[in-house]
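Trainee: What follows is upload08.txt; its format and atoms are compact mmCIF, C-alpha atoms and all ligand atoms.
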# COMPACT_ATOMS: atom_id res chain seq x y z
CA MET A 1 116.32 182.93 -134.07
CA ASP A 2 115.08 182.81 -130.48
CA THR A 3 116.76 184.48 -127.52
CA VAL A 4 116.76 182.51 -124.31
CA ALA A 5 117.89 183.53 -120.84
CA ILE A 6 119.41 181.25 -118.21
CA ILE A 7 119.20 182.57 -114.65
CA PRO A 8 121.46 180.72 -112.20
CA ALA A 9 119.95 181.24 -108.74
CA ALA A 10 120.88 177.97 -107.06
CA GLY A 11 123.51 179.26 -104.63
CA TYR A 12 123.01 179.04 -100.89
CA GLY A 13 124.53 182.44 -100.13
CA ARG A 14 126.82 181.27 -97.33
CA ARG A 15 128.41 184.75 -97.17
CA MET A 16 125.04 186.27 -96.25
CA GLU A 17 124.80 185.07 -92.62
CA ASN A 18 121.14 184.26 -93.28
CA PRO A 19 119.84 180.71 -93.65
CA ARG A 20 117.47 181.78 -96.42
CA PRO A 21 119.25 181.73 -99.83
CA LYS A 22 119.71 185.24 -101.25
CA PRO A 23 117.26 184.92 -104.19
CA TYR A 24 114.44 184.70 -101.63
CA LEU A 25 115.49 187.54 -99.33
CA ASN A 26 113.18 190.54 -99.20
CA LEU A 27 114.17 193.57 -101.26
CA GLY A 28 111.63 196.40 -101.24
CA GLY A 29 108.73 194.06 -100.47
CA ARG A 30 109.45 191.25 -102.91
CA PRO A 31 112.12 188.55 -103.29
CA VAL A 32 115.44 189.57 -104.88
CA LEU A 33 114.78 187.01 -107.64
CA ALA A 34 111.44 188.62 -108.58
CA TRP A 35 113.24 191.86 -109.51
CA THR A 36 115.69 189.90 -111.66
CA LEU A 37 112.93 188.00 -113.45
CA GLN A 38 110.98 191.21 -114.01
CA ALA A 39 113.85 192.64 -116.11
CA PHE A 40 113.56 189.64 -118.46
CA GLU A 41 109.77 189.59 -118.49
CA GLU A 42 109.77 193.21 -119.66
CA HIS A 43 112.59 193.03 -122.20
CA PRO A 44 111.08 192.71 -125.69
CA GLU A 45 113.91 190.65 -127.15
CA VAL A 46 113.82 187.84 -124.57
CA ASP A 47 111.64 184.92 -125.65
CA ARG A 48 112.07 182.41 -122.81
CA VAL A 49 113.68 182.08 -119.40
CA TYR A 50 115.18 178.96 -117.79
CA LEU A 51 115.59 179.37 -114.07
CA ALA A 52 117.97 177.19 -112.04
CA VAL A 53 117.37 177.07 -108.29
CA ALA A 54 118.50 174.79 -105.46
CA ARG A 55 116.63 171.47 -105.59
CA GLU A 56 114.67 172.04 -102.37
CA TRP A 57 113.55 175.48 -103.59
CA VAL A 58 112.14 174.41 -106.98
CA ASP A 59 108.52 174.22 -105.76
CA TYR A 60 108.78 177.48 -103.84
CA ALA A 61 110.31 179.33 -106.81
CA GLN A 62 107.68 177.88 -109.15
CA ASN A 63 104.67 178.61 -106.95
CA SER A 64 105.59 181.63 -104.85
CA ILE A 65 107.58 183.60 -107.41
CA VAL A 66 106.98 182.48 -111.01
CA ARG A 67 103.26 181.70 -110.65
CA ALA A 68 102.51 184.31 -108.01
CA ASP A 69 104.03 187.13 -110.09
CA ASN A 70 102.83 185.66 -113.39
CA PHE A 71 106.23 185.54 -115.06
CA ARG A 72 104.98 184.09 -118.34
CA LYS A 73 108.38 183.80 -120.01
CA VAL A 74 109.73 181.31 -117.47
CA ALA A 75 109.63 178.06 -119.45
CA ARG A 76 111.27 175.82 -116.84
CA VAL A 77 112.37 175.94 -113.23
CA ILE A 78 115.09 173.35 -112.85
CA ALA A 79 117.33 172.09 -110.05
CA GLY A 80 120.81 173.59 -110.29
CA GLY A 81 124.10 171.99 -109.28
CA LYS A 82 126.95 172.26 -106.82
CA GLN A 83 128.77 175.18 -108.49
CA ARG A 84 127.38 178.06 -110.53
CA GLN A 85 128.86 176.44 -113.64
CA ASP A 86 126.96 173.20 -112.90
CA SER A 87 123.71 175.16 -112.53
CA VAL A 88 124.17 176.91 -115.88
CA TYR A 89 125.09 173.60 -117.54
CA CYS A 90 121.96 171.91 -116.13
CA ALA A 91 119.84 174.65 -117.73
CA LEU A 92 121.82 174.67 -120.96
CA LYS A 93 121.13 170.95 -121.42
CA GLU A 94 117.39 171.74 -121.40
CA LEU A 95 117.62 174.27 -124.23
CA PRO A 96 116.65 173.19 -127.74
CA SER A 97 119.70 172.87 -130.03
CA THR A 98 117.98 175.33 -132.36
CA SER A 99 118.35 178.15 -129.80
CA GLY A 100 119.89 181.30 -131.27
CA ILE A 101 121.21 183.57 -128.53
CA VAL A 102 121.71 182.62 -124.88
CA ILE A 103 121.82 185.22 -122.12
CA ILE A 104 123.19 184.25 -118.74
CA HIS A 105 122.43 186.51 -115.81
CA ASP A 106 122.93 185.93 -112.08
CA GLY A 107 119.68 185.64 -110.13
CA ALA A 108 121.41 187.67 -107.41
CA ARG A 109 121.71 190.77 -109.67
CA PRO A 110 118.27 192.37 -109.43
CA PHE A 111 119.08 195.69 -111.15
CA LEU A 112 119.78 194.83 -114.78
CA PRO A 113 119.35 197.90 -117.01
CA SER A 114 117.49 197.03 -120.20
CA ALA A 115 119.97 199.06 -122.31
CA VAL A 116 122.88 196.89 -121.15
CA LEU A 117 120.97 193.74 -122.06
CA SER A 118 119.96 195.16 -125.47
CA ARG A 119 123.57 196.05 -126.29
CA ALA A 120 124.84 192.60 -125.26
CA ILE A 121 122.16 190.87 -127.37
CA GLU A 122 123.04 193.04 -130.36
CA ILE A 123 126.71 192.00 -130.13
CA ALA A 124 125.87 188.32 -129.74
CA LYS A 125 123.62 188.51 -132.80
CA SER A 126 126.65 189.68 -134.79
CA GLY A 127 128.42 186.42 -133.82
CA THR A 128 130.60 187.56 -130.88
CA GLY A 129 130.19 186.91 -127.16
CA ALA A 130 129.36 189.91 -124.95
CA CYS A 131 130.23 190.42 -121.30
CA ALA A 132 129.01 193.32 -119.16
CA ALA A 133 131.85 194.61 -117.00
CA ARG A 134 133.04 197.67 -115.07
CA PRO A 135 136.44 199.31 -115.44
CA LEU A 136 138.37 199.19 -112.17
CA THR A 137 139.02 202.58 -110.60
CA ASP A 138 141.10 201.49 -107.61
CA THR A 139 144.78 200.64 -108.06
CA ILE A 140 145.26 196.87 -108.30
CA LYS A 141 147.82 195.08 -106.16
CA ARG A 142 148.87 191.47 -106.40
CA ILE A 143 149.63 190.20 -102.92
CA SER A 144 151.52 187.28 -101.39
CA ASP A 145 150.14 184.70 -98.95
CA LEU A 146 151.41 186.97 -96.17
CA GLY A 147 149.42 189.94 -97.47
CA LEU A 148 152.48 191.76 -98.75
CA ILE A 149 152.29 193.59 -102.07
CA GLU A 150 154.19 191.78 -104.81
CA LYS A 151 153.24 193.94 -107.76
CA THR A 152 151.09 196.88 -108.88
CA LEU A 153 149.17 196.05 -112.03
CA PRO A 154 148.15 198.43 -114.85
CA ARG A 155 144.54 199.08 -113.82
CA GLU A 156 143.43 200.41 -117.22
CA ARG A 157 143.60 196.85 -118.56
CA PHE A 158 141.46 195.32 -115.76
CA TRP A 159 137.69 195.15 -115.76
CA ALA A 160 135.42 193.44 -113.25
CA ALA A 161 133.02 191.07 -115.03
CA GLN A 162 129.31 191.26 -114.26
CA THR A 163 126.42 189.56 -115.96
CA PRO A 164 124.64 189.59 -118.39
CA GLN A 165 126.98 187.55 -120.54
CA VAL A 166 125.47 186.74 -123.92
CA PHE A 167 126.63 184.27 -126.56
CA PRO A 168 125.53 182.55 -129.74
CA TYR A 169 124.14 179.19 -128.56
CA ARG A 170 126.68 177.04 -130.43
CA PHE A 171 129.70 178.81 -128.84
CA LEU A 172 128.29 178.43 -125.39
CA TRP A 173 127.25 174.82 -125.81
CA GLU A 174 130.67 173.85 -127.10
CA ALA A 175 132.39 175.82 -124.31
CA TYR A 176 130.36 174.11 -121.58
CA ARG A 177 130.79 170.65 -123.07
CA GLN A 178 134.52 171.17 -123.43
CA ALA A 179 134.89 172.56 -119.89
CA GLY A 180 132.99 169.50 -118.61
CA ASN A 181 135.31 167.15 -120.51
CA ASP A 182 138.44 168.98 -119.31
CA GLY A 183 137.31 169.41 -115.69
CA PHE A 184 137.71 173.19 -116.06
CA LEU A 185 135.82 175.26 -113.50
CA GLY A 186 135.30 178.98 -114.08
CA THR A 187 133.48 181.60 -112.01
CA ASP A 188 131.77 183.11 -115.05
CA ASP A 189 130.63 182.01 -118.49
CA ALA A 190 132.98 184.10 -120.61
CA SER A 191 135.98 182.29 -119.09
CA LEU A 192 134.73 179.03 -120.62
CA VAL A 193 134.19 180.61 -124.03
CA GLU A 194 137.51 182.55 -124.02
CA ARG A 195 139.55 179.41 -123.41
CA LEU A 196 138.33 178.02 -126.73
CA GLY A 197 139.61 181.16 -128.44
CA TYR A 198 136.21 182.61 -129.32
CA PRO A 199 135.98 186.41 -129.12
CA VAL A 200 134.10 187.96 -126.21
CA LYS A 201 133.60 191.71 -126.19
CA VAL A 202 133.39 193.68 -122.97
CA ILE A 203 130.57 196.21 -122.76
CA PRO A 204 130.13 198.81 -120.01
CA GLY A 205 127.84 197.49 -117.30
CA SER A 206 126.05 199.52 -114.65
CA PRO A 207 127.41 200.47 -111.22
CA TYR A 208 124.00 199.53 -109.82
CA ASN A 209 124.01 196.04 -111.33
CA ILE A 210 125.45 194.68 -108.09
CA LYS A 211 125.54 191.04 -107.10
CA ILE A 212 123.91 190.59 -103.75
CA THR A 213 126.39 188.54 -101.77
CA THR A 214 126.56 189.98 -98.24
CA ALA A 215 124.14 191.70 -95.85
CA ASP A 216 125.80 195.02 -96.79
CA ASP A 217 124.96 194.42 -100.45
CA LEU A 218 121.32 193.98 -99.50
CA ARG A 219 121.34 197.30 -97.63
CA LEU A 220 122.93 198.95 -100.67
CA ALA A 221 120.25 197.40 -102.89
CA GLU A 222 117.54 198.94 -100.68
CA LEU A 223 119.15 202.34 -101.26
CA ILE A 224 119.35 201.80 -105.03
CA LEU A 225 115.61 201.13 -104.97
CA LYS A 226 114.82 204.00 -102.62
CA TYR A 227 116.65 206.57 -104.75
CA GLY A 228 115.38 205.14 -108.05
CA LEU A 229 118.91 204.61 -109.41
CA TRP A 230 118.05 201.46 -111.36
CA ASN A 231 117.82 201.88 -115.13
CA LEU A 232 119.48 205.28 -115.10
O1 LIG A 301 128.28 182.34 -105.81
P1 LIG A 301 128.21 183.47 -106.79
O2 LIG A 301 128.13 184.79 -106.11
O3 LIG A 301 129.20 183.42 -107.89
O4 LIG A 301 126.79 183.28 -107.48
C1 LIG A 301 126.38 183.95 -108.65
C2 LIG A 301 125.02 183.42 -109.07
O5 LIG A 301 125.13 182.02 -109.33
C3 LIG A 301 123.96 183.59 -107.97
O6 LIG A 301 122.76 184.05 -108.58
C4 LIG A 301 123.83 182.20 -107.41
O7 LIG A 301 122.54 181.88 -106.91
C5 LIG A 301 124.15 181.32 -108.63
N1 LIG A 301 124.65 179.99 -108.26
C6 LIG A 301 124.03 178.86 -108.80
N2 LIG A 301 124.44 177.60 -108.41
C7 LIG A 301 125.43 177.44 -107.52
C8 LIG A 301 126.10 178.57 -106.97
C9 LIG A 301 125.70 179.84 -107.37
O8 LIG A 301 123.11 178.99 -109.60
N3 LIG A 301 125.77 176.21 -107.18
Show this structure as structure tokens.
Mentor:
Amino acid sequence: MDTVAIIPAAGYGRRMENPRPKPYLNLGGRPVLAWTLQAFEEHPEVDRVYLAVAREWVDYAQNSIVRADNFRKVARVIAGGKQRQDSVYCALKELPSTSGIVIIHDGARPFLPSAVLSRAIEIAKSGTGACAARPLTDTIKRISDLGLIEKTLPRERFWAAQTPQVFPYRFLWEAYRQAGNDGFLGTDDASLVERLGYPVKVIPGSPYNIKITTADDLRLAELILKYGLWNL
């Protein structure tokens, strides 16, 4: 049973205030995306990687990242779509129907600890989805359109979802096909699988597995590298 990773990296990073999409921004001397791909290249249980990038960046990603860094596991670099969900679906359509386990991990999360990925794969191999997440430590308020607090929610029941999210192929394929048919748009993969009633288990992610979204996140990422916090 093969284990395949899909890396959606086709966003334009409009919250970054930089015309260059975030996968290609410099982090410690190499593109953000190169760090992400490295985690998969080095993980012994990952067989192949499908990378989705914006259409006009396919050649650059192929030549200046995948070939330049010799990422041998990258089987295809494909053009992604308008939303993250479209990008994942584009890649999912390229996977053989005999695929066993599918990992989805944001290209913009360069610090994936191998232990988190191993645990998520282990759960998916037992037939359940797995979603890396962090328990919320701040108190959670639901607010009105005017910014007034409507309600305080019980924070012990709220977790912030990260990636990796890992699923048996057939769950994920059905979830994406069904979401496409229903016009359902989610901001992560588990939300598509959950709505079909399939179980998805939350596993503790890493505080350093940040998604690089803003210029501040990139500065934080430089510090994570500088202090060697990744993989702790
Ligand atoms: O936009 P968001 O922060 O949710 O993006 C998460 C990941 O999804 C990023 O790695 C981004 O490049 C990717 N993405 C994508 N296709 C899009 C939008 C986002 O692959 N159309």
Trainee: To check your reading of the model: which residues sit at most 7 Å from ligand LIG 301 (chain A) when counting all atoms listed in the file? Write the answer as an NGL selection string.
Mentor: :A and (8-13 or 23 or 52-53 or 80-88 or 106-109 or 187 or 211 or 213)
Trainee: Determine, counting all atoms listed in the file, which protein, DNA and RNA residues have an atom within 7 Å of an atom of region 145-162 of chain A; residues of the same chain fewer than 5 positions away are not included. Present the result as a short mmCIF file (atom, residue, chain, number, x, y, z; two decimals) with C-alpha atoms, in the frame of the given file.
Mentor:
data_model
loop_
_atom_site.label_atom_id
_atom_site.label_comp_id
_atom_site.auth_asym_id
_atom_site.auth_seq_id
_atom_site.Cartn_x
_atom_site.Cartn_y
_atom_site.Cartn_z
CA CYS A 131 130.23 190.42 -121.30
CA ALA A 132 129.01 193.32 -119.16
CA ALA A 133 131.85 194.61 -117.00
CA ARG A 134 133.04 197.67 -115.07
CA PRO A 135 136.44 199.31 -115.44
CA LEU A 136 138.37 199.19 -112.17
CA THR A 139 144.78 200.64 -108.06
CA ILE A 140 145.26 196.87 -108.30
#
Trainee: Any idea what the distance is between CA of Ser126 (chain A) and CA of Glu45 (chain A)?
Mentor: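 Between CA of Ser126 (chain A) and CA of Glu45 (chain A) the gap works out to 14.9 Å.
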Trainee: Could you name the residues that touch Arg119 (chain A) at 9 Å or less, counting all atoms listed in the file, but leaving out those on the same chain fewer than 5 positions away, as a list in words?
Mentor: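 Skipping anything fewer than 5 positions along the chain leaves Ser114, Ala124, Ala130 and Ile203 of chain A.
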Trainee: Write out the residues from the selection above, keeping C-alpha atoms, as a compact mmCIF listing (two decimals), in the frame of the given file.
Mentor:
# COMPACT_ATOMS: atom_id res chain seq x y z
CA SER A 114 117.49 197.03 -120.20
CA ALA A 124 125.87 188.32 -129.74
CA ALA A 130 129.36 189.91 -124.95
CA ILE A 203 130.57 196.21 -122.76
Trainee: With only C-alpha atoms as the atoms that count, which of A:Gly129, A:Leu192, A:Leu33, A:Asn18 lies nearest to Arg177 (chain A)?
Mentor: A:Leu192
